[in-house]
file work00.pdb (PDB, C-alpha atoms)
MODEL        1
ATOM      1  CA  MET A   1     255.921  53.085 143.703
ATOM      2  CA  THR A   2     253.310  53.239 140.992
ATOM      3  CA  VAL A   3     252.383  56.442 139.185
ATOM      4  CA  SER A   4     249.046  56.453 140.976
ATOM      5  CA  GLU A   5     250.672  56.072 144.386
ATOM      6  CA  ARG A   6     253.071  58.888 143.551
ATOM      7  CA  ILE A   7     250.210  61.136 142.510
ATOM      8  CA  ILE A   8     248.413  60.498 145.826
ATOM      9  CA  GLN A   9     251.630  61.079 147.756
ATOM     10  CA  ASP A  10     252.248  64.371 145.957
ATOM     11  CA  TYR A  11     248.777  65.619 146.834
ATOM     12  CA  LEU A  12     249.071  64.600 150.503
ATOM     13  CA  SER A  13     252.559  66.115 150.858
ATOM     14  CA  LYS A  14     251.107  69.475 149.840
ATOM     15  CA  GLY A  15     248.460  69.297 152.539
ATOM     16  CA  LEU A  16     245.681  68.757 150.020
ATOM     17  CA  THR A  17     242.712  66.412 150.221
ATOM     18  CA  MET A  18     240.846  64.260 147.734
ATOM     19  CA  ALA A  19     238.665  67.291 147.055
ATOM     20  CA  ASP A  20     241.667  68.769 145.261
ATOM     21  CA  VAL A  21     242.272  65.703 143.087
ATOM     22  CA  PRO A  22     240.753  66.040 139.589
ATOM     23  CA  ARG A  23     237.805  63.714 139.157
ATOM     24  CA  ASP A  24     239.323  61.932 136.188
ATOM     25  CA  LEU A  25     242.318  60.975 138.341
ATOM     26  CA  GLN A  26     240.016  59.617 141.047
ATOM     27  CA  TYR A  27     238.326  57.388 138.511
ATOM     28  CA  ARG A  28     241.627  56.335 136.980
ATOM     29  CA  LEU A  29     242.995  55.243 140.324
ATOM     30  CA  ASN A  30     239.977  53.032 140.891
ATOM     31  CA  ASP A  31     239.922  51.666 137.343
ATOM     32  CA  LYS A  32     243.560  50.662 137.640
ATOM     33  CA  GLY A  33     242.652  48.161 140.352
ATOM     34  CA  GLU A  34     244.271  50.163 143.108
ATOM     35  CA  MET A  35     241.170  50.612 145.238
ATOM     36  CA  LYS A  36     243.077  49.130 148.215
ATOM     37  CA  ILE A  37     245.386  52.153 148.230
ATOM     38  CA  PHE A  38     242.454  54.494 147.971
ATOM     39  CA  ARG A  39     240.490  52.814 150.783
ATOM     40  CA  TYR A  40     243.549  52.547 153.019
ATOM     41  CA  LEU A  41     244.216  56.273 152.819
ATOM     42  CA  VAL A  42     240.531  57.032 153.399
ATOM     43  CA  GLU A  43     240.418  54.814 156.500
ATOM     44  CA  ARG A  44     243.553  56.443 157.900
ATOM     45  CA  GLY A  45     242.025  59.839 157.394
ATOM     46  CA  ASN A  46     244.719  60.954 154.927
ATOM     47  CA  ILE A  47     242.086  61.480 152.271
ATOM     48  CA  LYS A  48     238.810  63.155 153.075
ATOM     49  CA  LEU A  49     235.974  62.509 150.706
ATOM     50  CA  ASN A  50     233.435  65.197 149.969
ATOM     51  CA  PRO A  51     229.974  64.403 151.340
ATOM     52  CA  PRO A  52     227.447  63.786 148.581
ATOM     53  CA  GLU A  53     225.530  66.867 147.567
ATOM     54  CA  PRO A  54     221.850  66.846 148.485
ATOM     55  CA  VAL A  55     219.626  65.914 145.595
ATOM     56  CA  LYS A  56     217.763  68.941 144.375
ATOM     57  CA  LYS A  57     214.279  68.506 143.111
ATOM     58  CA  PRO A  58     213.939  69.969 139.640
ATOM     59  CA  GLU A  59     211.819  73.065 139.526
ATOM     60  CA  PRO A  60     208.764  72.813 137.299
ATOM     61  CA  GLN A  61     209.507  74.371 133.959
ATOM     62  CA  LYS A  62     207.146  76.695 132.264
ATOM     63  CA  PRO A  63     206.307  75.792 128.690
ATOM     64  CA  GLU A  64     208.312  77.928 126.318
ATOM     65  CA  PRO A  65     206.537  79.806 123.581
ATOM     66  CA  GLN A  66     206.912  78.278 120.149
ATOM     67  CA  GLN A  67     209.607  79.833 118.037
ATOM     68  CA  ARG A  68     210.794  79.498 114.489
ATOM     69  CA  PRO A  69     213.230  76.619 114.118
ATOM     70  CA  VAL A  70     216.791  77.850 114.245
ATOM     71  CA  GLU A  71     218.777  76.881 111.180
ATOM     72  CA  GLN A  72     221.457  74.426 112.117
ATOM     73  CA  PRO A  73     224.943  74.653 110.628
ATOM     74  CA  LYS A  74     225.559  72.330 107.744
ATOM     75  CA  GLY A  75     229.020  71.308 108.903
ATOM     76  CA  ASP A  76     230.562  67.904 108.528
ATOM     77  CA  ASN A  77     230.455  65.423 111.372
ATOM     78  CA  ASN A  78     234.182  65.492 111.913
ATOM     79  CA  THR A  79     235.525  62.166 113.164
ATOM     80  CA  MET A  80     239.071  62.312 111.833
ATOM     81  CA  THR A  81     240.431  63.577 115.149
ATOM     82  CA  ASN A  82     239.512  60.354 116.937
ATOM     83  CA  ILE A  83     240.423  58.067 114.039
ATOM     84  CA  TYR A  84     243.963  59.302 113.504
ATOM     85  CA  MET A  85     244.645  60.154 117.139
ATOM     86  CA  ASP A  86     243.617  56.620 118.102
ATOM     87  CA  LYS A  87     246.011  55.190 115.523
ATOM     88  CA  MET A  88     248.900  57.203 116.955
ATOM     89  CA  LYS A  89     247.994  56.278 120.521
ATOM     90  CA  ALA A  90     247.634  52.590 119.633
ATOM     91  CA  ALA A  91     251.086  52.576 118.030
ATOM     92  CA  ILE A  92     252.665  54.146 121.127
ATOM     93  CA  SER A  93     250.730  51.978 123.570
ATOM     94  CA  ASP A  94     251.486  48.711 121.748
ATOM     95  CA  TYR A  95     255.185  49.514 121.576
ATOM     96  CA  TYR A  96     255.299  50.579 125.233
ATOM     97  CA  LYS A  97     253.641  47.378 126.471
ATOM     98  CA  GLN A  98     255.988  45.178 124.454
ATOM     99  CA  ALA A  99     259.049  47.218 125.427
ATOM    100  CA  VAL A 100     258.195  46.787 129.107
ATOM    101  CA  GLU A 101     258.034  43.007 128.684
ATOM    102  CA  ILE A 102     261.310  42.945 126.748
ATOM    103  CA  GLU A 103     262.989  45.022 129.467
ATOM    104  CA  LYS A 104     261.798  42.543 132.097
ATOM    105  CA  GLN A 105     263.198  39.649 130.075
ATOM    106  CA  ILE A 106     266.539  41.423 129.626
ATOM    107  CA  LYS A 107     266.771  41.932 133.386
ATOM    108  CA  THR A 108     265.887  38.280 134.020
ATOM    109  CA  ASN A 109     268.547  37.112 131.565
ATOM    110  CA  LYS A 110     271.189  39.201 133.298
ATOM    111  CA  GLU A 111     270.261  37.718 136.660
ATOM    112  CA  ARG A 112     269.954  34.052 135.672
ATOM    113  CA  LEU A 113     272.194  33.428 132.674
ATOM    114  CA  GLN A 114     275.930  33.376 132.280
ATOM    115  CA  PRO A 115     277.313  36.695 130.942
ATOM    116  CA  THR A 116     278.091  35.414 127.434
ATOM    117  CA  ILE A 117     274.719  33.710 126.981
ATOM    118  CA  SER A 118     272.902  36.648 128.553
ATOM    119  CA  TYR A 119     274.621  39.085 126.196
ATOM    120  CA  GLU A 120     273.659  37.128 123.092
ATOM    121  CA  ALA A 121     270.051  36.654 124.245
ATOM    122  CA  ASN A 122     269.667  40.305 125.139
ATOM    123  CA  GLU A 123     271.143  41.470 121.840
ATOM    124  CA  LYS A 124     268.357  39.578 120.073
ATOM    125  CA  LEU A 125     265.795  41.178 122.380
ATOM    126  CA  ASN A 126     267.223  44.653 121.732
ATOM    127  CA  GLU A 127     267.068  44.020 117.992
ATOM    128  CA  GLN A 128     263.439  42.957 118.406
ATOM    129  CA  ARG A 129     262.733  46.140 120.355
ATOM    130  CA  ARG A 130     264.336  48.295 117.664
ATOM    131  CA  ALA A 131     262.158  46.635 115.023
ATOM    132  CA  LEU A 132     259.071  47.309 117.131
ATOM    133  CA  TYR A 133     260.125  50.947 117.517
ATOM    134  CA  TYR A 134     260.378  51.528 113.766
ATOM    135  CA  LYS A 135     257.091  49.733 113.215
ATOM    136  CA  ALA A 136     255.414  52.071 115.718
ATOM    137  CA  LYS A 137     257.095  55.136 114.213
ATOM    138  CA  ASP A 138     255.938  54.149 110.722
ATOM    139  CA  ALA A 139     252.383  53.771 112.054
ATOM    140  CA  ILE A 140     252.520  57.244 113.627
ATOM    141  CA  ASP A 141     253.907  58.756 110.426
ATOM    142  CA  ALA A 142     251.227  57.013 108.358
ATOM    143  CA  ALA A 143     248.485  58.334 110.637
ATOM    144  CA  PHE A 144     249.925  61.844 110.314
ATOM    145  CA  GLN A 145     249.994  61.642 106.517
ATOM    146  CA  GLY A 146     246.481  60.248 106.603
ATOM    147  CA  VAL A 147     245.102  63.156 108.605
ATOM    148  CA  LEU A 148     246.847  65.694 106.343
ATOM    149  CA  ALA A 149     245.193  64.090 103.302
ATOM    150  CA  SER A 150     241.877  64.057 105.152
ATOM    151  CA  ILE A 151     242.173  67.791 105.837
ATOM    152  CA  ASP A 152     242.735  68.415 102.132
ATOM    153  CA  ARG A 153     239.561  66.478 101.337
ATOM    154  CA  TRP A 154     237.669  68.480 103.968
ATOM    155  CA  ALA A 155     238.862  71.859 102.676
ATOM    156  CA  VAL A 156     236.588  72.038  99.631
ATOM    157  CA  PHE A 157     234.072  74.805  99.032
ATOM    158  CA  ASP A 158     230.472  73.595  99.004
ATOM    159  CA  GLY A 159     227.686  76.033  98.210
ATOM    160  CA  THR A 160     225.100  73.811  99.886
ATOM    161  CA  LYS A 161     226.774  74.498 103.225
ATOM    162  CA  ILE A 162     226.235  78.253 103.098
ATOM    163  CA  THR A 163     223.680  79.313 105.711
ATOM    164  CA  GLU A 164     221.666  82.462 106.412
ATOM    165  CA  ASP A 165     224.454  83.619 108.736
ATOM    166  CA  MET A 166     226.467  84.552 105.653
ATOM    167  CA  LYS A 167     224.375  87.741 105.542
ATOM    168  CA  LEU A 168     225.975  88.810 108.819
ATOM    169  CA  LEU A 169     229.364  88.883 107.090
ATOM    170  CA  SER A 170     228.221  91.255 104.353
ATOM    171  CA  GLY A 171     229.583  94.282 106.197
ATOM    172  CA  ALA A 172     226.152  95.697 106.990
ATOM    173  CA  PHE A 173     226.409  94.565 110.613
ATOM    174  CA  PRO A 174     229.078  95.743 113.096
ATOM    175  CA  LEU A 175     230.000  92.347 114.485
ATOM    176  CA  ALA A 176     232.013  92.356 117.701
ATOM    177  CA  GLU A 177     234.810  89.864 118.323
ATOM    178  CA  ALA A 178     232.483  87.881 120.600
ATOM    179  CA  ASP A 179     230.037  87.526 117.703
ATOM    180  CA  VAL A 180     232.790  86.217 115.458
ATOM    181  CA  VAL A 181     233.958  83.756 118.129
ATOM    182  CA  GLY A 182     230.417  82.403 118.444
ATOM    183  CA  LEU A 183     230.148  81.861 114.696
ATOM    184  CA  ILE A 184     233.558  80.185 114.588
ATOM    185  CA  GLU A 185     232.438  77.669 117.193
ATOM    186  CA  LYS A 186     229.084  77.159 115.485
ATOM    187  CA  TYR A 187     230.664  76.299 112.154
ATOM    188  CA  ARG A 188     233.801  74.516 113.362
ATOM    189  CA  ASP A 189     233.241  71.629 110.906
ATOM    190  CA  ASN A 190     231.907  73.702 107.996
ATOM    191  CA  TYR A 191     234.895  74.666 105.848
ATOM    192  CA  THR A 192     232.892  76.920 103.527
ATOM    193  CA  MET A 193     231.516  79.064 106.354
ATOM    194  CA  LEU A 194     234.856  79.044 108.173
ATOM    195  CA  ALA A 195     236.595  80.379 105.065
ATOM    196  CA  ALA A 196     234.120  83.279 104.983
ATOM    197  CA  LEU A 197     234.696  83.918 108.698
ATOM    198  CA  ASP A 198     238.452  83.845 108.184
ATOM    199  CA  LYS A 199     238.134  86.469 105.438
ATOM    200  CA  TYR A 200     235.901  88.616 107.660
ATOM    201  CA  ALA A 201     238.314  88.374 110.608
ATOM    202  CA  ALA A 202     241.251  89.322 108.371
ATOM    203  CA  GLU A 203     239.434  92.344 106.972
ATOM    204  CA  HIS A 204     238.456  93.580 110.450
ATOM    205  CA  GLY A 205     241.773  93.008 112.202
ATOM    206  CA  PHE A 206     240.659  90.117 114.390
ATOM    207  CA  ALA A 207     244.030  88.357 114.313
ATOM    208  CA  GLN A 208     243.396  86.391 117.484
ATOM    209  CA  ASN A 209     240.101  85.122 116.118
ATOM    210  CA  ARG A 210     241.785  83.956 112.922
ATOM    211  CA  ALA A 211     244.127  81.783 114.987
ATOM    212  CA  GLN A 212     241.062  79.963 116.372
ATOM    213  CA  ILE A 213     239.557  79.163 112.969
ATOM    214  CA  ARG A 214     239.972  75.616 111.702
ATOM    215  CA  THR A 215     241.568  76.536 108.406
ATOM    216  CA  PRO A 216     243.619  73.905 106.577
ATOM    217  CA  GLU A 217     246.802  75.753 107.576
ATOM    218  CA  ASN A 218     245.863  76.012 111.247
ATOM    219  CA  ARG A 219     244.746  72.413 111.430
ATOM    220  CA  LYS A 220     247.877  71.052 109.746
ATOM    221  CA  ALA A 221     250.060  73.118 112.081
ATOM    222  CA  ALA A 222     248.192  71.713 115.098
ATOM    223  CA  TRP A 223     248.520  68.143 113.835
ATOM    224  CA  SER A 224     252.246  68.714 113.232
ATOM    225  CA  LYS A 225     252.594  69.438 116.950
ATOM    226  CA  VAL A 226     250.598  66.309 117.804
ATOM    227  CA  HIS A 227     252.828  64.253 115.505
ATOM    228  CA  ALA A 228     255.989  65.685 117.068
ATOM    229  CA  GLY A 229     254.617  64.949 120.532
ATOM    230  CA  ALA A 230     253.804  61.369 119.553
ATOM    231  CA  ILE A 231     257.352  60.764 118.319
ATOM    232  CA  THR A 232     258.784  62.329 121.483
ATOM    233  CA  LEU A 233     256.646  60.054 123.665
ATOM    234  CA  LEU A 234     257.650  57.017 121.600
ATOM    235  CA  ASP A 235     261.321  57.974 121.960
ATOM    236  CA  THR A 236     260.885  58.300 125.728
ATOM    237  CA  ALA A 237     259.373  54.827 125.876
ATOM    238  CA  SER A 238     262.289  53.558 123.786
ATOM    239  CA  ASN A 239     265.115  55.215 125.725
ATOM    240  CA  ASP A 240     263.670  55.188 129.249
ATOM    241  CA  VAL A 241     260.984  52.504 129.409
ATOM    242  CA  GLN A 242     260.990  52.542 133.222
ATOM    243  CA  ASN A 243     260.152  56.251 133.398
ATOM    244  CA  PRO A 244     257.286  56.434 135.943
ATOM    245  CA  ILE A 245     255.385  59.096 133.986
ATOM    246  CA  LEU A 246     254.944  56.859 130.927
ATOM    247  CA  ASP A 247     251.835  55.081 132.219
ATOM    248  CA  PHE A 248     250.013  58.366 132.667
ATOM    249  CA  ALA A 249     251.365  59.991 129.488
ATOM    250  CA  VAL A 250     250.446  57.073 127.223
ATOM    251  CA  GLU A 251     246.991  56.780 128.748
ATOM    252  CA  ARG A 252     246.243  60.497 128.348
ATOM    253  CA  PHE A 253     247.858  60.988 124.929
ATOM    254  CA  GLY A 254     245.722  63.058 122.586
ATOM    255  CA  THR A 255     243.122  64.119 125.154
ATOM    256  CA  MET A 256     242.083  67.642 126.085
ATOM    257  CA  GLY A 257     244.044  67.381 129.329
ATOM    258  CA  TYR A 258     247.165  66.216 127.475
ATOM    259  CA  LEU A 259     247.082  68.779 124.677
ATOM    260  CA  ALA A 260     246.814  72.530 125.008
ATOM    261  CA  SER A 261     243.226  73.607 124.372
ATOM    262  CA  GLU A 262     244.211  75.915 121.506
ATOM    263  CA  ILE A 263     245.751  72.909 119.707
ATOM    264  CA  TYR A 264     243.024  70.421 120.594
ATOM    265  CA  ASN A 265     240.263  72.726 119.312
ATOM    266  CA  LEU A 266     241.919  73.022 115.904
ATOM    267  CA  LEU A 267     242.269  69.299 115.206
TER     268      LEU A 267
ENDMDL
END

call {"tool": "encode", "arguments": {"input": "work00.pdb", "output": "C-alpha cells"}}
result
Amino acid sequence: MTVSERIIQDYLSKGLTMADVPRDLQYRLNDKGEMKIFRYLVERGNIKLNPPEPVKKPEPQKPEPQQRPVEQPKGDNNTMTNIYMDKMKAAISDYYKQAVEIEKQIKTNKERLQPTISYEANEKLNEQRRALYYKAKDAIDAAFQGVLASIDRWAVFDGTKITEDMKLLSGAFPLAEADVVGLIEKYRDNYTMLAALDKYAAEHGFAQNRAQIRTPENRKAAWSKVHAGAITLLDTASNDVQNPILDFAVERFGTMGYLASEIYNLL
C-alpha cells in the first residue's frame, strides 16, 4: 500500500470525507499519478467532494482617498532559507532515491543468485550505499555551515535601513505587545531594525516577543534544529529505506507544514 493509499484509508476509517483532507494532500495525490484511486473512491461514494462554491460577483469598490505613501521597510530580500533548505532536501532526496534502487537490487540478488555470489554482490552494493550516505551527510553539513555564515553576513548594522518607525521605540510611546509583534513582522529581514526591537522588548519585559525576533542567535538555533532533523531523516532513509512515511517526509521536508511555525518563521 502506498503512502497516499494509506492516508486515504486512514481518513475513511475515521468516518471522514474528502472535505476533511487538507487541500495540499488532495493535490499531492493527483500529482503522484494516483488519480485512479481517487476516482475509484469517489465513484463508490467513499469520498464526497464539496460542491463548487458559487462565483460571487465583486462588489464595486469606491475610490479611496489619496494618502501619503507609507514608508516601506528597508529589509533585505531574504532568500537564504530556500537556497540552503533546498540543498539539504536535495541531498536527502537524492540519497533516498538511490537507496531505494540499491535495496531493490539487493533483494533481486538474494532471489536469483547463489548465496555466495549474492553475498559478495550485495556487500559491494552496501558499500556503495554507505558512500552515498556520507556524501549526502557532507552536503547537509555544508549547507548548514553555509547558512550560519550567511546569517553572520546578514547581521551587520546599516544606518541606511533605519526607518521613521525608530521614533516609536524612543520610549515616548506606550507600545503594546501587539504593536511590537506588528513591527517584528514588518522588519523580519531588516537586522538593524530588529536589533532595536529586540532591545525594546528586553527593556519592557516582552520575553515572548523576543523569542519571535530573527536575531542571529534565534536564527542559528532554529537552523540547528533543521540540521538535526535533516540528519535524522537521512538516517531513517539509511536504516529503514522501506519505511512508508519516507515518501511524504522527504517531499515535505523544510516546509511550513513539516516544521513548527515558530521555527520556520525564524529561518

call {"tool": "residues_near_point", "arguments": {"input": "work00.pdb", "point": "(232.4, 87.7, 114.7)", "cutoff": "9 Å", "atoms": "only C-alpha atoms", "output": "list of chain:residue names"}}
result
A:Leu168, A:Leu169, A:Pro174, A:Leu175, A:Ala176, A:Glu177, A:Ala178, A:Asp179, A:Val180, A:Val181, A:Gly182, A:Leu183, A:Ile184, A:Leu197, A:Tyr200, A:Ala201, A:Phe206, A:Asn209

call {"tool": "atom_distance", "arguments": {"input": "work00.pdb", "atom1": "atom CA of A:Asp247", "atom2": "atom CA of A:Tyr133"}}
result
17.4 Å

call {"tool": "residues_near_point", "arguments": {"input": "work00.pdb", "point": "(258.0, 57.2, 125.9)", "cutoff": "12 Å", "atoms": "only C-alpha atoms", "output": "number ranges by chain"}}
result
A: 89, 91-97, 99-100, 133, 136-137, 229-251, 253

call {"tool": "resolve_selection", "arguments": {"input": "work00.pdb", "expression": "the PyMOL selection byres ((chain A and resi 264) around 12)", "output": "PyMOL selection string"}}
result
chain A and resi 81-82+85+212+214+218-226+253-263+265-267

call {"tool": "atom_distance", "arguments": {"input": "work00.pdb", "atom1": "atom CA of A:Ile140", "atom2": "atom CA of A:Asn190"}}
result
27.0 Å

call {"tool": "axis_aligned_box", "arguments": {"input": "work00.pdb", "around": "stretch 228-239 of chain A", "padding_each_side": "6 Å", "output": "AutoDock Vina command-line options"}}
result
--center_x 259.5 --center_y 59.6 --center_z 121.5 --size_x 23.3 --size_y 24.1 --size_z 20.8

call {"tool": "atom_distance", "arguments": {"input": "work00.pdb", "atom1": "atom CA of A:Asp189", "atom2": "atom CA of A:Ala155"}}
result
10.0 Å

call {"tool": "resolve_selection", "arguments": {"input": "work00.pdb", "expression": "the PyMOL selection byres ((chain A and resi 103-107) around 9)", "output": "count of residues only"}}
result
17

call {"tool": "closest_residue", "arguments": {"input": "work00.pdb", "among": "A:Ile83, A:Met88, A:Ala202, A:Ala207", "to": "A:Ala139", "atoms": "all atoms listed in the file"}}
result
A:Met88

call {"tool": "resolve_selection", "arguments": {"input": "work00.pdb", "expression": "the PyMOL selection byres ((chain A and resi 148) around 10)", "output": "JSON, numbers by chain"}}
result
{"A": [142, 143, 144, 145, 146, 147, 149, 150, 151, 152, 153, 154, 216, 219, 220, 221, 223, 224]}

call {"tool": "write_last_selection", "arguments": {"input": "work00.pdb", "atoms": "C-alpha atoms", "output": "compact mmCIF listing (two decimals), in the frame of the given file"}}
result
# COMPACT_ATOMS: atom_id res chain seq x y z
CA ALA A 142 251.23 57.01 108.36
CA ALA A 143 248.48 58.33 110.64
CA PHE A 144 249.92 61.84 110.31
CA GLN A 145 249.99 61.64 106.52
CA GLY A 146 246.48 60.25 106.60
CA VAL A 147 245.10 63.16 108.60
CA ALA A 149 245.19 64.09 103.30
CA SER A 150 241.88 64.06 105.15
CA ILE A 151 242.17 67.79 105.84
CA ASP A 152 242.74 68.42 102.13
CA ARG A 153 239.56 66.48 101.34
CA TRP A 154 237.67 68.48 103.97
CA PRO A 216 243.62 73.90 106.58
CA ARG A 219 244.75 72.41 111.43
CA LYS A 220 247.88 71.05 109.75
CA ALA A 221 250.06 73.12 112.08
CA TRP A 223 248.52 68.14 113.84
CA SER A 224 252.25 68.71 113.23

call {"tool": "closest_residue", "arguments": {"input": "work00.pdb", "among": "A:Ser170, A:Tyr84, A:Ala228, A:Gly159", "to": "A:Glu203", "atoms": "only C-alpha atoms"}}
result
A:Ser170
